[in-house]
file target-v9.csv (CSV, C-alpha atoms)
chain,number,residue,atom,x,y,z
U,1,MET,CA,110.0,95.6,164.0
U,2,MET,CA,112.9,93.4,162.9
U,3,SER,CA,115.2,95.0,160.4
U,4,LEU,CA,116.5,92.7,157.7
U,5,GLY,CA,118.7,95.2,155.9
U,6,PRO,CA,119.2,95.7,152.1
U,7,TYR,CA,118.7,92.0,151.4
U,8,ALA,CA,115.3,91.6,153.1
U,9,SER,CA,113.7,90.3,149.9
U,10,PHE,CA,116.1,87.3,149.7
U,11,ILE,CA,115.5,86.4,153.3
U,12,VAL,CA,111.7,86.7,153.1
U,13,THR,CA,111.6,84.8,149.9
U,14,ALA,CA,113.8,82.0,151.3
U,15,TYR,CA,111.6,81.6,154.4
U,16,SER,CA,108.3,81.9,152.4
U,17,LEU,CA,109.4,79.3,149.9
U,18,ALA,CA,110.4,76.9,152.7
U,19,ALA,CA,107.0,77.4,154.4
U,20,LEU,CA,105.2,76.9,151.1
U,21,VAL,CA,107.0,73.7,150.1
U,22,LEU,CA,106.7,72.2,153.6
U,23,ALA,CA,103.0,73.1,153.7
U,24,LEU,CA,102.5,71.4,150.3
U,25,LEU,CA,104.3,68.3,151.5
U,26,ILE,CA,102.2,68.1,154.7
U,27,GLY,CA,99.0,68.7,152.8
U,28,TRP,CA,99.9,66.1,150.2
U,29,ILE,CA,100.5,63.4,152.9
U,30,ALA,CA,97.3,64.4,154.7
U,31,ILE,CA,95.2,64.2,151.5
U,32,ASP,CA,96.8,60.9,150.6
U,33,TYR,CA,95.8,59.5,154.0
U,34,ARG,CA,92.2,60.6,153.5
U,35,ASN,CA,92.1,59.1,150.0
U,36,GLN,CA,93.4,55.7,151.2
U,37,THR,CA,91.0,55.5,154.2
U,38,ARG,CA,88.1,56.5,151.9
U,39,ARG,CA,89.0,53.8,149.4
U,40,LEU,CA,89.3,51.2,152.2
U,41,ARG,CA,85.9,52.3,153.6
U,42,ALA,CA,84.4,51.9,150.1
U,43,LEU,CA,85.8,48.4,149.8
U,44,ASP,CA,84.5,47.6,153.3
U,45,GLU,CA,81.0,48.8,152.3
U,46,SER,CA,81.1,46.6,149.1
U,47,GLY,CA,81.6,43.5,151.4
U,48,VAL,CA,85.4,42.9,150.8
U,49,VAL,CA,87.1,41.5,153.9
U,50,ARG,CA,90.8,40.9,154.7
U,51,ARG,CA,92.1,37.4,154.9
U,52,SER,CA,92.3,37.8,158.6
U,53,GLY,CA,88.6,38.4,158.6
U,54,ARG,CA,89.0,41.9,160.0
U,55,SER,CA,87.3,44.9,158.5
U,56,THR,CA,89.3,46.7,155.8
U,57,VAL,CA,89.2,49.9,157.7
U,58,ASP,CA,90.5,48.2,160.9
U,59,THR,CA,94.1,49.5,161.0
U,60,ARG,CA,95.1,47.1,163.8
R,61,MET,CA,108.5,46.4,170.9
R,62,SER,CA,111.4,45.0,168.7
R,63,LEU,CA,112.2,45.5,165.0
R,64,ILE,CA,110.8,42.1,164.4
R,65,ASP,CA,107.4,43.1,165.9
R,66,LEU,CA,107.4,46.1,163.6
R,67,ALA,CA,107.7,43.8,160.6
R,68,ASN,CA,104.0,43.3,161.0
R,69,PRO,CA,102.3,46.2,159.1
R,70,SER,CA,99.2,46.2,161.4
R,71,ARG,CA,101.4,46.6,164.5
R,72,PHE,CA,103.3,49.4,162.8
R,73,LEU,CA,100.0,51.1,162.0
R,74,ALA,CA,98.9,50.8,165.6
R,75,LEU,CA,102.2,52.3,166.8
R,76,THR,CA,102.1,55.2,164.4
R,77,ALA,CA,98.6,56.1,165.4
R,78,ARG,CA,99.8,56.4,169.0
R,79,ILE,CA,103.0,58.3,168.4
R,80,LEU,CA,102.2,60.6,165.5
R,81,PRO,CA,100.3,63.2,167.5
R,82,TRP,CA,103.1,63.5,170.0
R,83,LEU,CA,105.8,63.7,167.3
R,84,ALA,CA,103.8,66.4,165.5
R,85,ALA,CA,103.4,68.4,168.7
R,86,ALA,CA,107.1,68.2,169.5
R,87,THR,CA,108.0,69.2,166.0
R,88,ALA,CA,105.7,72.3,166.1
R,89,ILE,CA,107.0,73.4,169.5
R,90,LEU,CA,110.7,73.0,168.5
R,91,LEU,CA,110.1,74.7,165.2
R,92,ALA,CA,108.5,77.6,166.9
R,93,ILE,CA,111.5,77.9,169.4
R,94,GLY,CA,113.9,77.6,166.5
R,95,LEU,CA,112.2,80.3,164.4
R,96,TYR,CA,112.0,82.7,167.3
R,97,GLN,CA,115.8,82.2,168.0
R,98,SER,CA,116.5,82.6,164.3
R,99,ALA,CA,114.5,85.8,164.1
R,100,THR,CA,116.2,87.3,167.2
R,101,ALA,CA,119.8,86.2,166.3
R,102,PRO,CA,122.1,89.1,165.7
R,103,ASP,CA,123.4,90.1,162.2
R,104,ASP,CA,126.7,88.6,161.2
R,105,TYR,CA,129.5,91.2,161.0
R,106,GLN,CA,130.2,90.2,157.3
R,107,GLN,CA,126.9,88.8,156.0
R,108,GLY,CA,124.5,91.0,157.8
R,109,ALA,CA,121.0,89.7,158.2
R,110,THR,CA,121.4,87.2,155.3
R,111,VAL,CA,122.9,84.9,157.9
R,112,LYS,CA,119.3,84.1,158.9
R,113,ILE,CA,119.0,82.1,155.6
R,114,MET,CA,121.5,79.7,157.2
R,115,PHE,CA,118.9,78.6,159.8
R,116,ILE,CA,116.8,77.0,157.1
R,117,HIS,CA,119.4,76.3,154.4
R,118,VAL,CA,121.7,74.2,156.6
R,119,PRO,CA,119.0,71.9,158.2
R,120,ASN,CA,117.6,71.2,154.7
R,121,ALA,CA,121.0,70.5,153.3
R,122,TRP,CA,121.8,68.1,156.2
R,123,LEU,CA,118.4,66.3,155.8
R,124,SER,CA,118.8,66.0,152.0
R,125,MET,CA,121.8,63.7,152.7
R,126,PHE,CA,120.4,62.1,155.9
R,127,VAL,CA,117.2,61.0,154.1
R,128,TRP,CA,119.2,59.3,151.4
R,129,GLY,CA,121.2,57.6,154.2
R,130,VAL,CA,117.9,56.4,155.7
R,131,MET,CA,116.8,55.1,152.2
R,132,SER,CA,120.2,53.4,151.8
R,133,LEU,CA,119.7,51.5,155.2
R,134,ALA,CA,116.2,50.6,154.1
R,135,SER,CA,117.5,49.4,150.8
R,136,LEU,CA,119.9,47.1,152.7
R,137,GLY,CA,116.8,45.9,154.6
R,138,THR,CA,115.1,45.1,151.3
R,139,LEU,CA,118.0,43.3,149.6
R,140,VAL,CA,119.7,41.6,152.6
R,141,TRP,CA,117.2,41.1,155.4
R,142,ARG,CA,114.0,41.2,153.3
R,143,HIS,CA,112.3,43.2,156.0
R,144,PRO,CA,108.6,43.7,154.9
R,145,LEU,CA,108.6,47.4,155.8
R,146,ALA,CA,112.0,48.2,154.3
R,147,ASP,CA,110.8,49.1,150.8
R,148,VAL,CA,107.8,50.9,152.3
R,149,ALA,CA,110.3,53.1,154.3
R,150,ALA,CA,112.5,53.7,151.3
R,151,LYS,CA,109.5,54.6,149.0
R,152,ALA,CA,107.9,56.9,151.6
R,153,ALA,CA,111.1,58.8,152.3
R,154,ALA,CA,111.9,59.7,148.6
R,155,PRO,CA,109.5,62.6,148.1
R,156,ILE,CA,110.3,64.1,151.5
R,157,GLY,CA,114.1,63.9,150.7
R,158,ALA,CA,113.4,65.5,147.3
R,159,ALA,CA,111.6,68.4,149.1
R,160,PHE,CA,114.4,69.0,151.5
R,161,THR,CA,117.0,68.9,148.7
R,162,PHE,CA,114.9,71.3,146.6
R,163,LEU,CA,114.8,73.7,149.5
R,164,ALA,CA,118.5,73.3,150.2
R,165,LEU,CA,119.2,74.3,146.6
R,166,VAL,CA,116.7,77.2,146.4
R,167,THR,CA,117.6,78.7,149.8
R,168,GLY,CA,121.3,78.3,149.0
R,169,SER,CA,120.8,80.1,145.7
R,170,LEU,CA,118.9,82.9,147.5
R,171,TRP,CA,121.8,83.2,150.0
R,172,GLY,CA,124.4,83.0,147.3
R,173,ARG,CA,123.1,85.9,145.2
R,174,PRO,CA,123.8,88.7,147.8
R,175,MET,CA,126.9,87.0,149.2
R,176,TRP,CA,128.6,85.6,146.1
R,177,GLY,CA,127.0,87.8,143.5
R,178,THR,CA,125.4,84.8,141.7
R,179,TYR,CA,122.4,82.5,142.1
R,180,TRP,CA,124.3,79.5,140.7
R,181,GLU,CA,127.8,78.3,140.1
R,182,TRP,CA,128.7,74.9,138.6
R,183,ASP,CA,131.1,74.1,141.5
R,184,ALA,CA,131.5,70.7,143.1
R,185,ARG,CA,129.2,71.2,146.1
R,186,LEU,CA,126.3,72.8,144.2
R,187,THR,CA,126.5,70.4,141.3
R,188,SER,CA,126.7,67.2,143.5
R,189,VAL,CA,123.6,68.4,145.5
R,190,LEU,CA,121.8,69.0,142.2
R,191,ILE,CA,122.7,65.4,141.1
R,192,LEU,CA,121.2,64.2,144.5
R,193,PHE,CA,118.0,66.1,143.7
R,194,LEU,CA,117.8,64.5,140.2
R,195,MET,CA,118.4,61.1,141.8
R,196,TYR,CA,115.5,61.6,144.1
R,197,LEU,CA,113.3,62.4,141.1
R,198,GLY,CA,114.6,59.4,139.2
R,199,LEU,CA,113.8,57.1,142.2
R,200,MET,CA,110.3,58.5,142.4
R,201,ALA,CA,109.8,58.0,138.7
R,202,LEU,CA,111.0,54.4,139.0
R,203,TRP,CA,108.5,53.6,141.8
R,204,ARG,CA,105.7,55.0,139.6
R,205,ALA,CA,106.9,53.2,136.5
R,206,VAL,CA,106.8,49.6,137.9
R,207,GLU,CA,103.4,48.5,139.0
R,208,ASP,CA,104.4,45.6,141.2
R,209,PRO,CA,105.8,47.0,144.5
R,210,SER,CA,108.1,44.1,145.2
R,211,ARG,CA,109.8,44.3,141.7
R,212,ALA,CA,110.1,48.1,142.0
R,213,ALA,CA,111.6,47.7,145.5
R,214,ARG,CA,114.5,45.6,144.4
R,215,ALA,CA,115.4,47.9,141.4
R,216,ALA,CA,115.0,51.0,143.6
R,217,ALA,CA,117.2,49.5,146.4
R,218,VAL,CA,120.0,48.9,144.0
R,219,LEU,CA,119.7,52.4,142.5
R,220,THR,CA,119.7,53.9,146.1
R,221,LEU,CA,122.8,52.0,147.2
R,222,VAL,CA,124.7,53.0,144.0
R,223,GLY,CA,123.5,56.6,144.6
R,224,ALA,CA,124.9,56.6,148.1
R,225,ILE,CA,128.3,57.1,146.5
R,226,ASN,CA,127.2,60.7,146.1
R,227,LEU,CA,126.9,61.3,149.8
R,228,PRO,CA,130.7,61.4,150.6
R,229,ILE,CA,131.2,63.4,147.4
R,230,ILE,CA,128.8,66.0,148.6
R,231,LYS,CA,130.3,66.1,152.1
R,232,PHE,CA,133.9,66.3,151.1
R,233,SER,CA,133.5,68.3,147.8
R,234,VAL,CA,134.5,71.5,149.6
R,235,ASP,CA,137.7,69.9,150.7
R,236,TRP,CA,138.6,67.9,147.6
R,237,TRP,CA,137.9,70.7,145.1
R,238,ASN,CA,138.3,74.5,145.0
R,239,THR,CA,134.7,75.6,145.4
R,240,LEU,CA,132.8,78.8,145.9
R,241,HIS,CA,130.8,77.1,148.8
R,242,GLN,CA,132.4,77.6,152.2
R,243,PRO,CA,133.9,74.5,154.0
R,244,ALA,CA,132.2,72.7,156.9
R,245,SER,CA,131.8,75.0,160.0
R,246,VAL,CA,129.9,72.7,162.4
R,247,PHE,CA,130.8,69.0,161.8
R,248,ARG,CA,134.6,69.4,161.5
R,249,MET,CA,137.8,68.3,163.2
R,250,GLY,CA,138.5,70.8,166.0
R,251,GLY,CA,134.9,71.6,166.6
R,252,PRO,CA,132.4,74.2,165.2
R,253,THR,CA,133.8,77.6,164.1
R,254,LEU,CA,130.3,79.2,164.4
R,255,ASP,CA,129.7,81.5,167.4
R,256,ARG,CA,127.2,80.2,170.0
R,257,VAL,CA,124.6,82.9,169.0
R,258,PHE,CA,124.3,81.3,165.6
R,259,LEU,CA,125.2,77.7,166.5
R,260,ILE,CA,122.3,77.2,169.1
R,261,PRO,CA,119.5,78.4,166.8
R,262,LEU,CA,121.0,76.3,164.0
R,263,LEU,CA,121.1,73.1,166.1
R,264,VAL,CA,117.5,73.7,167.4
R,265,MET,CA,116.3,74.2,163.8
R,266,ALA,CA,118.2,71.1,162.7
R,267,ILE,CA,116.6,69.0,165.5
R,268,ALA,CA,113.1,70.5,164.6
R,269,PHE,CA,113.6,69.6,160.9
R,270,THR,CA,114.8,66.1,161.8
R,271,LEU,CA,111.7,65.6,163.9
R,272,LEU,CA,109.6,66.9,161.0
R,273,PHE,CA,111.2,64.3,158.8
R,274,VAL,CA,110.5,61.5,161.3
R,275,THR,CA,106.8,62.6,161.6
R,276,LEU,CA,106.2,63.0,157.9
R,277,HIS,CA,108.1,59.7,157.1
R,278,LEU,CA,106.0,57.7,159.6
R,279,ALA,CA,102.8,59.3,158.2
R,280,ALA,CA,103.9,58.6,154.6
R,281,MET,CA,104.8,55.0,155.5
R,282,ARG,CA,101.3,54.6,157.0
R,283,ASN,CA,99.8,55.8,153.7
R,284,GLU,CA,101.9,53.4,151.7
R,285,ILE,CA,100.8,50.4,153.8
R,286,LEU,CA,97.2,51.5,153.4
R,287,ARG,CA,97.7,51.9,149.6
R,288,ARG,CA,99.1,48.4,149.4
R,289,ARG,CA,96.2,47.1,151.4
R,290,VAL,CA,93.8,48.8,149.0
R,291,ARG,CA,95.6,47.3,146.0
R,292,SER,CA,95.6,43.7,147.4
R,293,LEU,CA,91.9,44.0,148.4
R,294,GLN,CA,91.0,45.3,144.9
R,295,MET,CA,92.9,42.4,143.3
R,296,MET,CA,91.0,40.0,145.6
R,297,GLN,CA,87.7,41.6,144.7
R,298,ALA,CA,88.6,41.4,140.9
R,299,SER,CA,89.5,37.7,141.2
R,300,ARG,CA,86.2,36.9,143.0
R,301,LYS,CA,84.3,38.7,140.3
R,302,ALA,CA,86.1,36.7,137.6
R,303,ALA,CA,85.5,33.3,139.4
call {"tool": "encode", "arguments": {"input": "target-v9.csv", "output": "structure tokens"}}
result
Amino acid sequence: MMSLGPYASFIVTAYSLAALVLALLIGWIAIDYRNQTRRLRALDESGVVRRSGRSTVDTR
Amino acid sequence: MSLIDLANPSRFLALTARILPWLAAATAILLAIGLYQSATAPDDYQQGATVKIMFIHVPNAWLSMFVWGVMSLASLGTLVWRHPLADVAAKAAAPIGAAFTFLALVTGSLWGRPMWGTYWEWDARLTSVLILFLMYLGLMALWRAVEDPSRAARAAAVLTLVGAINLPIIKFSVDWWNTLHQPASVFRMGGPTLDRVFLIPLLVMAIAFTLLFVTLHLAAMRNEILRRRVRSLQMMQASRKAA
């Protein structure tokens, strides 16, 4: 077991906060991607097409 | 593939779809190695185990400035070269930079309490990084306040370039003023003063965090391109309905 000495609470809090903030950031970006692709799919289903004629969900 | 090819958002989306899984895997592996090395690094003879906070504080502090540097380059791309993805890159980087800056401030504060006896001191380094954090928040607010992305892009680009003045102030604050914060110990004339047992885990963590930024930035840019596609298609749909 790793010993962190008398200031263990500061070290654990620092690492936990970093993990939490980065997890929130990654989660937010992943949810945003899902939302945008869902909105594009809804537009595609309603018959809207891009000027190029490609499907709205075609990311090429 | 050249920079000109990447000006096409569809080509950019195709490229990100191919490289994002590899980047994410490389980030996870390097982060795991860095965390293992940080956990097994010996205690410092003066700071004890609190030196472990350095392995997350310093990469976040470096990236807080690096991301603003990336946004400044992107702003030049918006104002000078009018690259179609420049403002997408700047807008997507801001929340990521804000998160790194927040973590630099909080982890620094948690390191400062046992070492300096205080969570916060209004010295030049800490205050200039706090100003950087507020500038990130200001930029994000500006992007949200202006509905037209191209108008918001120009205003944000000017603000970003003006804000870049803060980067040398942060870097040299510890040399120009008498601060509680220690001077540079890695990027300095005469080489690093850190021992290898601390320097190697620190550099591994710094590379891992940089890869994390590249991964998240590309993913956020992809989201922003899709958001703009949704917006233009919704406008097209609305104009068809009106006609």
call {"tool": "atom_distance", "arguments": {"input": "target-v9.csv", "atom1": "CA of Gly108 (chain R)", "atom2": "CA of Phe10 (chain U)"}}
result
12.2 Å
call {"tool": "interface_residues", "arguments": {"input": "target-v9.csv", "of": "chain R", "to": "chain U", "cutoff": "9 Å", "atoms": "all atoms listed in the file", "output": "ChimeraX atom specification"}}
result
/R:69-74,99-100,103,108-113,116-117,155-156,159-160,162-163,166-168,170-171,173-174,276,279-280,282-284,286-287,289-290,293-294,296-297
call {"tool": "residues_near_point", "arguments": {"input": "target-v9.csv", "point": "(118.1, 67.2, 151.7)", "cutoff": "12 Å", "atoms": "only C-alpha atoms", "output": "number ranges by chain"}}
result
R: 116-130, 153-168, 188-196, 227, 230, 266, 269-270, 273
call {"tool": "atom_distance", "arguments": {"input": "target-v9.csv", "atom1": "CA of Gly223 (chain R)", "atom2": "CA of Val140 (chain R)"}}
result
17.4 Å
call {"tool": "atom_distance", "arguments": {"input": "target-v9.csv", "atom1": "CA of Gly27 (chain U)", "atom2": "CA of Thr87 (chain R)"}}
result
16.0 Å
call {"tool": "residues_around", "arguments": {"input": "target-v9.csv", "residues": "Ala217 (chain R)", "least_positions_apart": "6", "cutoff": "10 Å", "atoms": "all atoms listed in the file", "output": "list in words"}}
result
Met131, Ser132, Leu133, Ala134, Ser135, Leu136, Gly137, Thr138, Leu139, Ala146, Asp147, Ala150, Lys151, Leu199 and Gly223 of chain R
call {"tool": "build_atoms", "arguments": {"input": "target-v9.csv", "residues": "region 18-52 of chain U", "atoms": "N, CA and C atoms", "output": "JSON list (two decimals), keeping the file's coordinate frame"}}
result
[["chain", "number", "residue", "atom", "x", "y", "z"],
["U", 18, "ALA", "N", 110.30, 78.06, 151.82],
["U", 18, "ALA", "CA", 110.40, 76.90, 152.70],
["U", 18, "ALA", "C", 109.07, 76.56, 153.32],
["U", 19, "ALA", "N", 108.35, 77.61, 153.78],
["U", 19, "ALA", "CA", 107.00, 77.40, 154.40],
["U", 19, "ALA", "C", 106.05, 76.82, 153.37],
["U", 20, "LEU", "N", 106.10, 77.34, 152.14],
["U", 20, "LEU", "CA", 105.20, 76.90, 151.10],
["U", 20, "LEU", "C", 105.44, 75.40, 150.74],
["U", 21, "VAL", "N", 106.71, 75.06, 150.50],
["U", 21, "VAL", "CA", 107.00, 73.70, 150.10],
["U", 21, "VAL", "C", 106.69, 72.70, 151.23],
["U", 22, "LEU", "N", 106.99, 73.06, 152.48],
["U", 22, "LEU", "CA", 106.70, 72.20, 153.60],
["U", 22, "LEU", "C", 105.18, 72.03, 153.80],
["U", 23, "ALA", "N", 104.44, 73.15, 153.59],
["U", 23, "ALA", "CA", 103.00, 73.10, 153.70],
["U", 23, "ALA", "C", 102.39, 72.18, 152.63],
["U", 24, "LEU", "N", 102.93, 72.28, 151.41],
["U", 24, "LEU", "CA", 102.50, 71.40, 150.30],
["U", 24, "LEU", "C", 102.74, 69.94, 150.63],
["U", 25, "LEU", "N", 103.92, 69.68, 151.19],
["U", 25, "LEU", "CA", 104.30, 68.30, 151.50],
["U", 25, "LEU", "C", 103.37, 67.74, 152.60],
["U", 26, "ILE", "N", 103.13, 68.53, 153.65],
["U", 26, "ILE", "CA", 102.20, 68.10, 154.70],
["U", 26, "ILE", "C", 100.82, 67.88, 154.20],
["U", 27, "GLY", "N", 100.36, 68.83, 153.37],
["U", 27, "GLY", "CA", 99.00, 68.70, 152.80],
["U", 27, "GLY", "C", 98.87, 67.50, 151.91],
["U", 28, "TRP", "N", 99.90, 67.24, 151.10],
["U", 28, "TRP", "CA", 99.90, 66.10, 150.20],
["U", 28, "TRP", "C", 99.77, 64.78, 151.00],
["U", 29, "ILE", "N", 100.54, 64.67, 152.08],
["U", 29, "ILE", "CA", 100.50, 63.40, 152.90],
["U", 29, "ILE", "C", 99.16, 63.30, 153.60],
["U", 30, "ALA", "N", 98.59, 64.43, 154.07],
["U", 30, "ALA", "CA", 97.30, 64.40, 154.70],
["U", 30, "ALA", "C", 96.18, 63.99, 153.76],
["U", 31, "ILE", "N", 96.23, 64.54, 152.54],
["U", 31, "ILE", "CA", 95.20, 64.20, 151.50],
["U", 31, "ILE", "C", 95.32, 62.75, 151.10],
["U", 32, "ASP", "N", 96.57, 62.29, 150.96],
["U", 32, "ASP", "CA", 96.80, 60.90, 150.60],
["U", 32, "ASP", "C", 96.20, 59.96, 151.63],
["U", 33, "TYR", "N", 96.37, 60.28, 152.92],
["U", 33, "TYR", "CA", 95.80, 59.50, 154.00],
["U", 33, "TYR", "C", 94.29, 59.40, 153.90],
["U", 34, "ARG", "N", 93.69, 60.58, 153.65],
["U", 34, "ARG", "CA", 92.20, 60.60, 153.50],
["U", 34, "ARG", "C", 91.75, 59.80, 152.35],
["U", 35, "ASN", "N", 92.48, 59.88, 151.22],
["U", 35, "ASN", "CA", 92.10, 59.10, 150.00],
["U", 35, "ASN", "C", 92.18, 57.60, 150.30],
["U", 36, "GLN", "N", 93.27, 57.15, 150.95],
["U", 36, "GLN", "CA", 93.40, 55.70, 151.20],
["U", 36, "GLN", "C", 92.36, 55.19, 152.14],
["U", 37, "THR", "N", 92.07, 55.95, 153.21],
["U", 37, "THR", "CA", 91.00, 55.50, 154.20],
["U", 37, "THR", "C", 89.65, 55.49, 153.50],
["U", 38, "ARG", "N", 89.43, 56.47, 152.60],
["U", 38, "ARG", "CA", 88.10, 56.50, 151.90],
["U", 38, "ARG", "C", 87.99, 55.29, 150.97],
["U", 39, "ARG", "N", 89.08, 54.92, 150.28],
["U", 39, "ARG", "CA", 89.00, 53.80, 149.40],
["U", 39, "ARG", "C", 88.84, 52.47, 150.19],
["U", 40, "LEU", "N", 89.47, 52.38, 151.38],
["U", 40, "LEU", "CA", 89.30, 51.20, 152.20],
["U", 40, "LEU", "C", 87.86, 51.11, 152.72],
["U", 41, "ARG", "N", 87.28, 52.27, 153.08],
["U", 41, "ARG", "CA", 85.90, 52.30, 153.60],
["U", 41, "ARG", "C", 84.94, 51.83, 152.43],
["U", 42, "ALA", "N", 85.23, 52.28, 151.20],
["U", 42, "ALA", "CA", 84.40, 51.90, 150.10],
["U", 42, "ALA", "C", 84.47, 50.38, 149.84],
["U", 43, "LEU", "N", 85.67, 49.82, 149.98],
["U", 43, "LEU", "CA", 85.80, 48.40, 149.80],
["U", 43, "LEU", "C", 85.09, 47.63, 150.93],
["U", 44, "ASP", "N", 85.16, 48.19, 152.14],
["U", 44, "ASP", "CA", 84.50, 47.60, 153.30],
["U", 44, "ASP", "C", 82.96, 47.55, 153.05],
["U", 45, "GLU", "N", 82.45, 48.66, 152.51],
["U", 45, "GLU", "CA", 81.00, 48.80, 152.30],
["U", 45, "GLU", "C", 80.55, 47.81, 151.15],
["U", 46, "SER", "N", 81.50, 47.49, 150.23],
["U", 46, "SER", "CA", 81.10, 46.60, 149.10],
["U", 46, "SER", "C", 81.28, 45.11, 149.58],
["U", 47, "GLY", "N", 81.62, 44.88, 150.84],
["U", 47, "GLY", "CA", 81.60, 43.50, 151.40],
["U", 47, "GLY", "C", 82.98, 42.81, 151.32],
["U", 48, "VAL", "N", 84.04, 43.50, 150.88],
["U", 48, "VAL", "CA", 85.40, 42.90, 150.80],
["U", 48, "VAL", "C", 85.96, 42.81, 152.21],
["U", 49, "VAL", "N", 86.46, 41.63, 152.61],
["U", 49, "VAL", "CA", 87.10, 41.50, 153.90],
["U", 49, "VAL", "C", 88.53, 41.02, 153.78],
["U", 50, "ARG", "N", 89.36, 41.37, 154.75],
["U", 50, "ARG", "CA", 90.80, 40.90, 154.70],
["U", 50, "ARG", "C", 90.84, 39.43, 155.02],
["U", 51, "ARG", "N", 91.97, 38.82, 154.62],
["U", 51, "ARG", "CA", 92.10, 37.40, 154.90],
["U", 51, "ARG", "C", 92.01, 37.06, 156.35],
["U", 52, "SER", "N", 92.41, 38.00, 157.20],
["U", 52, "SER", "CA", 92.30, 37.80, 158.60],
["U", 52, "SER", "C", 90.88, 37.83, 159.13]]
